[in-house]
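S.K.: One structure, pasted below without further comment.
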Amino acid sequence: MIAYFQTVLITAGIFALLAQGLNLHRGYTGLLNFGHVAFFAIGSYTMAIMVTQFEFGFFTSFIGAIVAATIFGVIVALPAIRLRTDYLAIVTITIGEIFRLVIQSGPGVTELTRGPRGIRGYSNEFFFLREDLGLGFLDPQMYLLAIVWTAVIVVGVLLFFLLRSPWGRVLKGIREDEDAMRALGKNVTSYKIQSFAIGAAIAGLAGVLFAMDIGSLSPVAYLPLITFQAWTIMMLGGMGTHFGPIIGSIIFWSIFNGTLFIPDSIVSGAEAAYLRQIGVGALIMLIIILRPQGILGSREEMVLDK
């Protein structure tokens, strides 16, 4: 039972980070990003490649992963932010899928990513750091749990103050009326790029922690489903709220993993996996029908049309 709760909380923390980055894009800036998994994968693969292929230390690789995700976010933002609504969604989801296919079978890239074979052996130094951090008394799972939720809290606090600043108020203004913000003399393009870059950096951080959790990287772990799970979490908690992604992630993964408690005499393991997807689909429908603004959201904050 303890191991189950540890697993749920670790996954919930990682996806809370991922959803916080997406919430910055959509909830605060109004950017319809459906390719968020690409930044998630950039963080994971950059860290793993730097450790295994170039033999950098974990801290250097950790910083490198976040920087790489940030740069990729800017590169994606430059052409994408000139598009609106459906067009932006199509472009971003395409970018996410292209990136996955490139790391899986791209010419000259699979030497680094090892294609479908994946990358292993990158997490050893991370877990050896327990002693240096004074956490040697924790087992590996509890250690990872402590690191993940420390990251969630730190990012949450930083975003809380950042989004209450004049910068954050400009983002909300862009979400509500982009043309009005231009009329006030704000450089809307610059603010969108900044939002994209910071959200991508947070997703890259989540990707590093996700890599530590699964212990072996493979392109099949970065399907578009990851983005849609982050969207569900954000919608469940409430778009444009500070703590919505955290609450939404805990509830989402508790429901998603709840099928583990269904006795085998009732449903088989394969059937339980289908029940997970049915449960998630039902959850999305209930959110949209009963509380479209999410658990912590308010209808006044919702953007119904862009």
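Just so we're on the same page: first chain in the structure tokens is A, next is B, and so on; residues restart at 1 for each chain, and ligands are numbered from 1 in the order they show up.
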Which neighbours of stretch 195-211 of chain A fall inside 6 Å, counting only C-alpha atoms, when residues of the same chain fewer than 5 positions from it are skipped, and could you give them as a VMD selection string?
M.R.: chain A and resid 14 17 to 18 21 24 39 to 41 43 to 44 66 69 to 70 73 to 74
S.K.: Find the residues near A:Ile153: any atom within 10 Å, counting only C-alpha atoms, skip ones fewer than 4 places away on the same chain, and give them as a list in words.
M.R.: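 What passes the distance filter is Gly13, Leu17, Val148, Trp149, Val157, Leu158, Leu159 and Ile246 of chain A.
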S.K.: Tell me which protein, DNA and RNA residues are within 9 Å of A:Pro245, counting only C-alpha atoms, leaving out same-chain ones fewer than 2 positions away, and put them as a PyMOL selection string.
M.R.: chain A and resi 15-20+23+230+233-239+241-243+247-250
S.K.: Write out as a JSON list (two decimals) with C-alpha atoms, in the first residue's frame each polymer residue whose atoms come within 12 Å of A:Val8, counting only C-alpha atoms; drop sequence neighbours fewer than 3 positions from it.
M.R.:
```
[["chain", "number", "residue", "atom", "x", "y", "z"],
["A", 1, "MET", "CA", 0.00, 0.00, 0.00],
["A", 2, "ILE", "CA", 2.82, 2.42, 0.87],
["A", 3, "ALA", "CA", 4.55, 1.65, -2.44],
["A", 4, "TYR", "CA", 1.29, 2.38, -4.28],
["A", 5, "PHE", "CA", 0.92, 5.81, -2.67],
["A", 11, "THR", "CA", 3.73, 10.49, -10.97],
["A", 12, "ALA", "CA", 1.28, 13.14, -9.75],
["A", 13, "GLY", "CA", 4.17, 15.47, -8.88],
["A", 14, "ILE", "CA", 5.86, 15.04, -12.25],
["A", 15, "PHE", "CA", 2.63, 15.70, -14.15],
["A", 16, "ALA", "CA", 1.78, 18.61, -11.84],
["A", 141, "GLN", "CA", 11.44, 5.83, -4.00],
["A", 142, "MET", "CA", 11.06, 8.13, -1.01],
["A", 145, "LEU", "CA", 9.33, 11.52, -4.04],
["A", 148, "VAL", "CA", 9.81, 15.69, -7.10],
["A", 213, "ASP", "CA", 11.25, 7.60, -12.38],
["A", 249, "SER", "CA", -2.77, 15.89, -10.98],
["A", 250, "ILE", "CA", -3.31, 14.20, -7.61],
["A", 251, "ILE", "CA", -6.98, 13.51, -8.40],
["A", 252, "PHE", "CA", -6.25, 12.38, -11.96],
["A", 253, "TRP", "CA", -3.56, 9.87, -11.03],
["A", 254, "SER", "CA", -5.52, 8.57, -8.06],
["A", 255, "ILE", "CA", -8.38, 7.75, -10.44],
["A", 256, "PHE", "CA", -6.08, 6.47, -13.17],
["A", 257, "ASN", "CA", -4.31, 4.04, -10.82],
["A", 258, "GLY", "CA", -7.46, 3.11, -8.93],
["A", 260, "LEU", "CA", -5.12, -1.63, -9.34]]
```
S.K.: Of the candidates A:Met285, A:Thr46, A:Ile10, A:Leu133, which one gets nearest to A:Thr232 if we count only C-alpha atoms?
M.R.: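 For A:Thr232, the nearest of the given residues is A:Met285.
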S.K.: Go through A:Leu138, A:Leu286, A:Ile278, A:Leu32 and flag the residue nearest A:Ile90, using only C-alpha atoms for the distances.
M.R.: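 Of A:Leu138, A:Leu286, A:Ile278, A:Leu32, the one nearest A:Ile90 is A:Leu32, counting only C-alpha atoms.
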S.K.: My list of candidates is A:Thr7, A:Ser216, A:Ser190, A:Gln277. Which is closest to A:Ile119 when distances are computed with only C-alpha atoms?
M.R.: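 Smallest distance to A:Ile119 is found for A:Ser216.
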S.K.: Write down as a PDB file with C-alpha atoms, in the first residue's frame the residues of stretch 188-250 of chain A whose backbone DSSP state falls under alpha helix (DSSP H).
M.R.:
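Now in selection-v1.pdb:
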```pdb
ATOM      1  CA  VAL A 188       2.782  40.890 -27.401  1.00  0.00           C
ATOM      2  CA  THR A 189       5.151  38.721 -29.456  1.00  0.00           C
ATOM      3  CA  SER A 190       7.931  39.109 -26.894  1.00  0.00           C
ATOM      4  CA  TYR A 191       5.637  38.214 -24.003  1.00  0.00           C
ATOM      5  CA  LYS A 192       4.363  35.129 -25.833  1.00  0.00           C
ATOM      6  CA  ILE A 193       7.903  33.947 -26.506  1.00  0.00           C
ATOM      7  CA  GLN A 194       8.815  34.450 -22.843  1.00  0.00           C
ATOM      8  CA  SER A 195       5.740  32.488 -21.750  1.00  0.00           C
ATOM      9  CA  PHE A 196       6.531  29.677 -24.183  1.00  0.00           C
ATOM     10  CA  ALA A 197      10.160  29.536 -23.037  1.00  0.00           C
ATOM     11  CA  ILE A 198       9.354  29.409 -19.304  1.00  0.00           C
ATOM     12  CA  GLY A 199       6.597  26.825 -19.785  1.00  0.00           C
ATOM     13  CA  ALA A 200       8.971  24.712 -21.878  1.00  0.00           C
ATOM     14  CA  ALA A 201      11.672  24.955 -19.180  1.00  0.00           C
ATOM     15  CA  ILE A 202       9.208  23.667 -16.566  1.00  0.00           C
ATOM     16  CA  ALA A 203       8.235  20.817 -18.882  1.00  0.00           C
ATOM     17  CA  GLY A 204      11.944  20.020 -19.366  1.00  0.00           C
ATOM     18  CA  LEU A 205      12.373  19.821 -15.591  1.00  0.00           C
ATOM     19  CA  ALA A 206       9.397  17.454 -15.429  1.00  0.00           C
ATOM     20  CA  GLY A 207      10.991  15.391 -18.199  1.00  0.00           C
ATOM     21  CA  VAL A 208      14.218  14.959 -16.203  1.00  0.00           C
ATOM     22  CA  LEU A 209      12.292  13.716 -13.156  1.00  0.00           C
ATOM     23  CA  PHE A 210      10.161  11.458 -15.361  1.00  0.00           C
ATOM     24  CA  ALA A 211      13.337   9.897 -16.759  1.00  0.00           C
ATOM     25  CA  MET A 212      14.565   9.209 -13.229  1.00  0.00           C
ATOM     26  CA  ASP A 213      11.252   7.603 -12.375  1.00  0.00           C
ATOM     27  CA  ILE A 214      11.034   5.199 -15.325  1.00  0.00           C
ATOM     28  CA  LEU A 225      -1.246  11.024 -24.930  1.00  0.00           C
ATOM     29  CA  ILE A 226       1.147  12.700 -22.467  1.00  0.00           C
ATOM     30  CA  THR A 227       0.021  16.128 -23.649  1.00  0.00           C
ATOM     31  CA  PHE A 228      -3.655  15.187 -23.412  1.00  0.00           C
ATOM     32  CA  GLN A 229      -3.137  13.898 -19.879  1.00  0.00           C
ATOM     33  CA  ALA A 230      -1.572  17.245 -18.959  1.00  0.00           C
ATOM     34  CA  TRP A 231      -4.551  19.016 -20.533  1.00  0.00           C
ATOM     35  CA  THR A 232      -6.974  16.867 -18.537  1.00  0.00           C
ATOM     36  CA  ILE A 233      -5.088  17.640 -15.319  1.00  0.00           C
ATOM     37  CA  MET A 234      -5.099  21.370 -16.063  1.00  0.00           C
ATOM     38  CA  MET A 235      -8.816  21.372 -16.911  1.00  0.00           C
ATOM     39  CA  LEU A 236      -9.653  19.315 -13.841  1.00  0.00           C
ATOM     40  CA  GLY A 237      -7.795  21.619 -11.469  1.00  0.00           C
ATOM     41  CA  GLY A 244      -5.166  23.827 -10.022  1.00  0.00           C
ATOM     42  CA  PRO A 245      -2.523  21.715 -11.820  1.00  0.00           C
ATOM     43  CA  ILE A 246      -1.319  20.271  -8.501  1.00  0.00           C
ATOM     44  CA  ILE A 247      -4.790  19.358  -7.213  1.00  0.00           C
ATOM     45  CA  GLY A 248      -5.826  18.123 -10.655  1.00  0.00           C
ATOM     46  CA  SER A 249      -2.775  15.890 -10.977  1.00  0.00           C
ATOM     47  CA  ILE A 250      -3.307  14.205  -7.614  1.00  0.00           C
TER      48      ILE A 250
END
```
S.K.: Could you state the separation of atom CA of A:Val91 and atom CA of A:Met50 in Å, given to one decimal place?
M.R.: 28.7 Å
S.K.: Would you mind listing, for every residue of stretch 9-115 of chain A within 12 Å of stretch 125-130 of chain A, the two atoms forming the shortest contact and the distance between them in Å to one decimal, using only C-alpha atoms, sorted by chain and ascending residue number, as a tab-separated table?
M.R.:
```
residue	atom	partner	partner_atom	distance
A:Met47	CA	A:Phe126	CA	11.2
A:Ala48	CA	A:Phe126	CA	11.3
A:Val51	CA	A:Glu125	CA	9.1
A:Thr52	CA	A:Glu125	CA	11.0
A:Glu55	CA	A:Glu125	CA	11.0
A:Phe56	CA	A:Glu125	CA	10.4
A:Gly57	CA	A:Glu125	CA	7.6
A:Phe58	CA	A:Phe126	CA	6.3
A:Phe59	CA	A:Phe126	CA	8.6
A:Thr60	CA	A:Phe126	CA	11.6
A:Ser61	CA	A:Phe126	CA	10.6
A:Phe62	CA	A:Phe126	CA	9.9
```
S.K.: Would you save the residues from that selection as a CSV table (one decimal), in the first residue's frame, using N, CA and C atoms?
M.R.:
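The new file result_7.csv reads:
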```csv
chain,number,residue,atom,x,y,z
A,47,MET,N,19.2,15.3,-20.8
A,47,MET,CA,19.9,14.9,-19.6
A,47,MET,C,20.5,13.5,-19.8
A,48,ALA,N,19.8,12.5,-20.4
A,48,ALA,CA,20.3,11.2,-20.5
A,48,ALA,C,21.5,11.1,-21.5
A,51,VAL,N,24.6,12.6,-19.9
A,51,VAL,CA,25.2,11.7,-18.9
A,51,VAL,C,25.9,10.5,-19.5
A,52,THR,N,25.2,9.8,-20.5
A,52,THR,CA,25.7,8.5,-21.0
A,52,THR,C,26.6,8.7,-22.2
A,55,GLU,N,29.3,11.9,-20.8
A,55,GLU,CA,29.9,11.7,-19.5
A,55,GLU,C,29.9,13.0,-18.6
A,56,PHE,N,28.9,13.8,-18.7
A,56,PHE,CA,28.8,15.0,-17.8
A,56,PHE,C,28.2,14.5,-16.5
A,57,GLY,N,28.4,15.3,-15.5
A,57,GLY,CA,27.8,15.0,-14.2
A,57,GLY,C,26.3,15.3,-14.2
A,58,PHE,N,25.6,14.8,-13.2
A,58,PHE,CA,24.2,14.9,-13.1
A,58,PHE,C,23.7,16.4,-13.1
A,59,PHE,N,24.4,17.2,-12.2
A,59,PHE,CA,24.0,18.6,-12.1
A,59,PHE,C,24.1,19.4,-13.4
A,60,THR,N,25.3,19.1,-14.1
A,60,THR,CA,25.5,19.8,-15.4
A,60,THR,C,24.5,19.4,-16.4
A,61,SER,N,24.2,18.1,-16.4
A,61,SER,CA,23.2,17.5,-17.4
A,61,SER,C,21.8,18.0,-17.0
A,62,PHE,N,21.5,18.2,-15.7
A,62,PHE,CA,20.2,18.7,-15.3
A,62,PHE,C,20.0,20.1,-15.8
```
S.K.: Of the candidates A:Asp139, A:Leu223, A:Phe72, A:Asp132, which one gets nearest to A:Phe34 if we count only C-alpha atoms?
M.R.: A:Leu223
S.K.: Using only C-alpha atoms, determine which residues lie at most 12 Å from A:Gly173, disregarding the query and same-chain residues fewer than 2 positions distant; provide the list as an mmCIF file with N, CA and C atoms, in the first residue's frame.
M.R.:
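around_25.cif was written with the following content:
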```cif
data_model
loop_
_atom_site.group_PDB
_atom_site.id
_atom_site.type_symbol
_atom_site.label_atom_id
_atom_site.label_comp_id
_atom_site.auth_asym_id
_atom_site.auth_seq_id
_atom_site.Cartn_x
_atom_site.Cartn_y
_atom_site.Cartn_z
ATOM 1 N N GLY A 27 -3.500 28.640 -19.771
ATOM 2 C CA GLY A 27 -4.311 29.250 -18.735
ATOM 3 C C GLY A 27 -4.053 30.729 -18.546
ATOM 4 N N TYR A 28 -2.795 31.155 -18.742
ATOM 5 C CA TYR A 28 -2.448 32.558 -18.485
ATOM 6 C C TYR A 28 -2.198 33.366 -19.753
ATOM 7 N N THR A 29 -1.684 32.712 -20.810
ATOM 8 C CA THR A 29 -1.354 33.457 -22.023
ATOM 9 C C THR A 29 -2.338 33.192 -23.156
ATOM 10 N N GLY A 30 -3.120 32.127 -23.044
ATOM 11 C CA GLY A 30 -4.110 31.817 -24.072
ATOM 12 C C GLY A 30 -3.543 31.107 -25.282
ATOM 13 N N LEU A 163 3.445 35.452 -11.588
ATOM 14 C CA LEU A 163 2.171 35.735 -12.249
ATOM 15 C C LEU A 163 1.360 36.808 -11.539
ATOM 16 N N PRO A 166 3.564 42.582 -12.547
ATOM 17 C CA PRO A 166 3.072 43.235 -13.779
ATOM 18 C C PRO A 166 3.243 42.351 -15.017
ATOM 19 N N TRP A 167 4.319 41.562 -15.050
ATOM 20 C CA TRP A 167 4.536 40.647 -16.179
ATOM 21 C C TRP A 167 3.378 39.663 -16.303
ATOM 22 N N GLY A 168 2.966 39.087 -15.181
ATOM 23 C CA GLY A 168 1.862 38.140 -15.198
ATOM 24 C C GLY A 168 0.550 38.789 -15.602
ATOM 25 N N ARG A 169 0.343 40.029 -15.191
ATOM 26 C CA ARG A 169 -0.887 40.720 -15.558
ATOM 27 C C ARG A 169 -0.935 41.008 -17.058
ATOM 28 N N VAL A 170 0.227 41.233 -17.648
ATOM 29 C CA VAL A 170 0.274 41.419 -19.106
ATOM 30 C C VAL A 170 -0.113 40.123 -19.811
ATOM 31 N N LEU A 171 0.376 38.982 -19.297
ATOM 32 C CA LEU A 171 0.006 37.704 -19.899
ATOM 33 C C LEU A 171 -1.507 37.503 -19.874
ATOM 34 N N ARG A 175 -4.168 37.086 -22.985
ATOM 35 C CA ARG A 175 -5.165 36.012 -23.050
ATOM 36 C C ARG A 175 -6.561 36.567 -23.326
ATOM 37 N N GLU A 176 -6.895 37.672 -22.674
ATOM 38 C CA GLU A 176 -8.242 38.217 -22.788
ATOM 39 C C GLU A 176 -8.446 39.019 -24.072
ATOM 40 N N ASP A 177 -7.477 39.858 -24.421
ATOM 41 C CA ASP A 177 -7.627 40.701 -25.619
ATOM 42 C C ASP A 177 -6.248 41.112 -26.106
ATOM 43 N N GLU A 178 -5.752 40.355 -27.042
ATOM 44 C CA GLU A 178 -4.402 40.577 -27.560
ATOM 45 C C GLU A 178 -4.270 41.937 -28.238
ATOM 46 N N ASP A 179 -5.290 42.327 -28.994
ATOM 47 C CA ASP A 179 -5.230 43.600 -29.716
ATOM 48 C C ASP A 179 -5.221 44.780 -28.747
ATOM 49 N N ALA A 180 -5.959 44.649 -27.666
ATOM 50 C CA ALA A 180 -5.984 45.729 -26.674
ATOM 51 C C ALA A 180 -4.613 45.922 -26.042
ATOM 52 N N MET A 181 -3.914 44.826 -25.777
ATOM 53 C CA MET A 181 -2.580 44.931 -25.190
ATOM 54 C C MET A 181 -1.601 45.571 -26.165
ATOM 55 N N ARG A 182 -1.759 45.280 -27.456
ATOM 56 C CA ARG A 182 -0.916 45.948 -28.459
ATOM 57 C C ARG A 182 -1.201 47.442 -28.472
ATOM 58 N N ALA A 183 -2.478 47.794 -28.339
ATOM 59 C CA ALA A 183 -2.850 49.208 -28.342
ATOM 60 C C ALA A 183 -2.271 49.944 -27.142
ATOM 61 N N LEU A 184 -2.013 49.209 -26.051
ATOM 62 C CA LEU A 184 -1.412 49.797 -24.852
ATOM 63 C C LEU A 184 0.109 49.871 -24.944
ATOM 64 N N LYS A 186 2.232 47.221 -25.514
ATOM 65 C CA LYS A 186 2.943 46.028 -25.071
ATOM 66 C C LYS A 186 3.420 45.216 -26.272
ATOM 67 N N ASN A 187 4.642 44.681 -26.151
ATOM 68 C CA ASN A 187 5.192 43.829 -27.202
ATOM 69 C C ASN A 187 4.645 42.416 -27.009
ATOM 70 N N VAL A 188 3.490 42.156 -27.603
ATOM 71 C CA VAL A 188 2.782 40.890 -27.401
ATOM 72 C C VAL A 188 3.632 39.704 -27.836
ATOM 73 N N TYR A 191 6.234 38.843 -25.184
ATOM 74 C CA TYR A 191 5.637 38.214 -24.003
ATOM 75 C C TYR A 191 5.241 36.769 -24.288
ATOM 76 N N LYS A 192 4.740 36.500 -25.475
ATOM 77 C CA LYS A 192 4.363 35.129 -25.833
ATOM 78 C C LYS A 192 5.588 34.222 -25.879
ATOM 79 N N GLU A 301 -12.799 33.764 -15.193
ATOM 80 C CA GLU A 301 -11.436 33.640 -15.708
ATOM 81 C C GLU A 301 -11.376 32.867 -17.024
ATOM 82 N N VAL A 303 -11.727 31.734 -20.814
ATOM 83 C CA VAL A 303 -11.701 32.361 -22.128
ATOM 84 C C VAL A 303 -12.526 31.480 -23.046
#
```
S.K.: Please report the interatomic distance between atom CA of A:Tyr45 and atom CA of A:Tyr222 in Å with one decimal.
M.R.: 10.8 Å
